[in-house]
Amino acid sequence: MDYKDLANLIFPEAKPVSYYEEKYPERNLPEGAMVTRFAPSPTGFIHIGGLFGSIIDQKLAKQTDGVFILRIEDTDQKREIENGITQIVDSLKDFDIVADEGMTSENTEKGIYGPYKQSERKDIYQAYAKWLIEQGLAYPCFCTPEDLDEIRGKQEAAKIRPGYYGIWAKCRNIPLDEVVARIQNVEKYIIRFKSQGREDRKIKHKDSIKGNIEFPENDQDIVIIKADGLPTYHFAHAVDDHLMRVTQVIRGDEWVSSIPLHLELFKALGFKPPKYAHTATIMKDDNGSKRKISKRKDPEAAVSYYHEQGIPVQAVKEYLLNIANSNFEPWRRANKDASMDEFELQLNKMNVSGAVFDMVKLLDISKTVISKYDAEEVYNKAIDWANRYDEELKNMLESNAEYSKKVLGIERGNVKPRKDIAKWSDLKDSIIYMYEDKFKPVYEFQKINSQEEVKNILKSYIEKHFNINDDKQTWFDKMKDLAEEYGYAREVKEFKAEPEKYKGHVGDISTVIRVAVTGRCNTPDLYEIMQVLGEETVKQRIHNV
Ligand code: GLU
């Protein structure tokens, strides 16, 4: 009886690993091409950190003519939800992230390095586990949960490192004959890795983001195949990244402490390890102290939040690129209209410490992004959003598409476009007064609070000055004439020089007209608003005050 016999007894059906090595050959890609993967569990939920990682995955693959894979890690079947994969695929698609290879829905996939769902790869993992057993590098473990509790109890009492290692690894040295007898006796078991590491020795690792790091070697005999026949994450990821010919792993910081184990697994399996990049966790400022953005506490942890709010994809991606590489911001300043695809992301320029998520900054980027859209783009994007999230806005916009595009075109497409809209969920409120059937004005005329004065100003304006055909300069000159007529300065600076001479200035007068026409004190350019509303509506609204 030797290791080979044991391996055959445990996995009689498993193919030789050479079969898989040939089936999934090295990829024929240009020098420097990166093969990356995003590997979520099928929980249907993508955390902002996951989106961050997948943006980097996709960008690096694209930049280097490589391949970006979407792999689903469903070996922990407790965490699964119905349609979890499709939801992940769709959420990524909402951010224009479509993998080159991998899962495309619950049960469909593309690419020849699959299956891309771990639960479909059981045979593959078993083949490699079998190979490890043959080499004497893995063994069956018969410990029951009670046995493991007992070990833990003893370790705690003696205040020593917990885990299944060294002398604590009870099943590590069971004689082969006994092992075989127990298996034949249908005793339950799992498969453990037989670590060759020693805690008192160090390994060095060069992380693509963190640079050189040193850790004690791994010495834990971790589980590689569980009782249900499925692998653990550690084992599965090694086999998958090898066979999918992944060259660069990008994953969250929380995995960095697994590096000694992962490197040891790669070595034991005879695989060349990929490069690893551990990205800093995105943090949240919680009343002055930093903590991780949490799925439980923070709505902005879920990427669906940004979609529901209607923050444009481009803004979210630009913001995340900006967290990723601090040189993105100066690049953007110097290349205002360039597509962000032109920015070259570099792993060695990644932030090593965790950036604090800054919603104000994101919304600021979003305002700039939206300010660059023309009326047609705003219309189309807003309709897309409203279709899913706001029926009233959809109806408003669609009731008269031509008119709506004029409304959306106010202060847009010029040198200094309006920058007041940060998300599509803000849009309705910012244009609603342009729609007659929704117009519910609040008349607060600010400085001028005499009803009579307001009435007189409005009356004079309509009777003497208002002409829809005036150009902007004439329109404004007339506003000044009106101001002068009522004892207000034509220019703000005249008023400031001699405030005692005037009741106010032209701004106070135009506020009266603005409030009458829009029901608001703050709006975009009033001249443009009047042009879009048209003569009749302007007159009617002023008359109704
Ligand atoms: N399935 C792991 C996770 O969801 C993937 C980690 C990795 O990228 O290797 O965290």
# chains A, B, ... in the order shown; residues from 1 in each chain; ligands from 1
$ residues_near_ligand --ligand "ligand 1" --cutoff "12 Å" --atoms "only C-alpha atoms and all ligand atoms" --output "number ranges by chain"
A: 36-47, 49-51, 53-54, 57, 69-76, 79-80, 88, 117-118, 232-241, 246, 248-256, 258-259, 262, 274-279
$ residues_around --residues "A:Lys290" --least-positions-apart "5" --cutoff "12 Å" --atoms "only C-alpha atoms" --output "PDB file with N, CA and C atoms, in the first residue's frame"
ATOM      1  N   THR A 281      -8.427  48.641   1.280  1.00  0.00           N
ATOM      2  CA  THR A 281      -9.872  48.663   1.514  1.00  0.00           C
ATOM      3  C   THR A 281     -10.400  50.093   1.438  1.00  0.00           C
ATOM      4  N   ILE A 282     -11.547  50.253   0.811  1.00  0.00           N
ATOM      5  CA  ILE A 282     -12.162  51.580   0.776  1.00  0.00           C
ATOM      6  C   ILE A 282     -12.822  51.831   2.135  1.00  0.00           C
ATOM      7  N   MET A 283     -12.477  52.972   2.718  1.00  0.00           N
ATOM      8  CA  MET A 283     -12.920  53.247   4.085  1.00  0.00           C
ATOM      9  C   MET A 283     -14.066  54.249   4.107  1.00  0.00           C
ATOM     10  N   LYS A 284     -14.637  54.394   5.284  1.00  0.00           N
ATOM     11  CA  LYS A 284     -15.707  55.373   5.466  1.00  0.00           C
ATOM     12  C   LYS A 284     -15.357  56.214   6.684  1.00  0.00           C
ATOM     13  N   ASP A 285     -15.602  57.497   6.564  1.00  0.00           N
ATOM     14  CA  ASP A 285     -15.368  58.374   7.712  1.00  0.00           C
ATOM     15  C   ASP A 285     -16.639  58.359   8.551  1.00  0.00           C
ATOM     16  N   SER A 353      -2.524  52.927   1.193  1.00  0.00           N
ATOM     17  CA  SER A 353      -3.421  52.971   2.355  1.00  0.00           C
ATOM     18  C   SER A 353      -4.854  53.206   1.879  1.00  0.00           C
ATOM     19  N   GLY A 354      -5.782  52.829   2.702  1.00  0.00           N
ATOM     20  CA  GLY A 354      -7.193  52.840   2.300  1.00  0.00           C
ATOM     21  C   GLY A 354      -7.770  54.230   2.127  1.00  0.00           C
ATOM     22  N   ALA A 355      -8.243  54.534   0.929  1.00  0.00           N
ATOM     23  CA  ALA A 355      -8.850  55.832   0.680  1.00  0.00           C
ATOM     24  C   ALA A 355     -10.192  55.912   1.396  1.00  0.00           C
ATOM     25  N   VAL A 356     -10.501  57.101   1.870  1.00  0.00           N
ATOM     26  CA  VAL A 356     -11.798  57.310   2.503  1.00  0.00           C
ATOM     27  C   VAL A 356     -12.793  57.689   1.404  1.00  0.00           C
ATOM     28  N   PHE A 357     -13.879  56.980   1.382  1.00  0.00           N
ATOM     29  CA  PHE A 357     -14.879  57.234   0.343  1.00  0.00           C
ATOM     30  C   PHE A 357     -15.475  58.618   0.553  1.00  0.00           C
TER      31      PHE A 357
END
$ residues_around --residues "A:Met244" --least-positions-apart "5" --cutoff "8 Å" --atoms "only C-alpha atoms" --output "list in words"
Tyr24, Tyr113 and Gly114 of chain A
$ atom_distance --atom1 "atom CA of A:Asn325" --atom2 "atom CA of A:Asp341"
13.8 Å
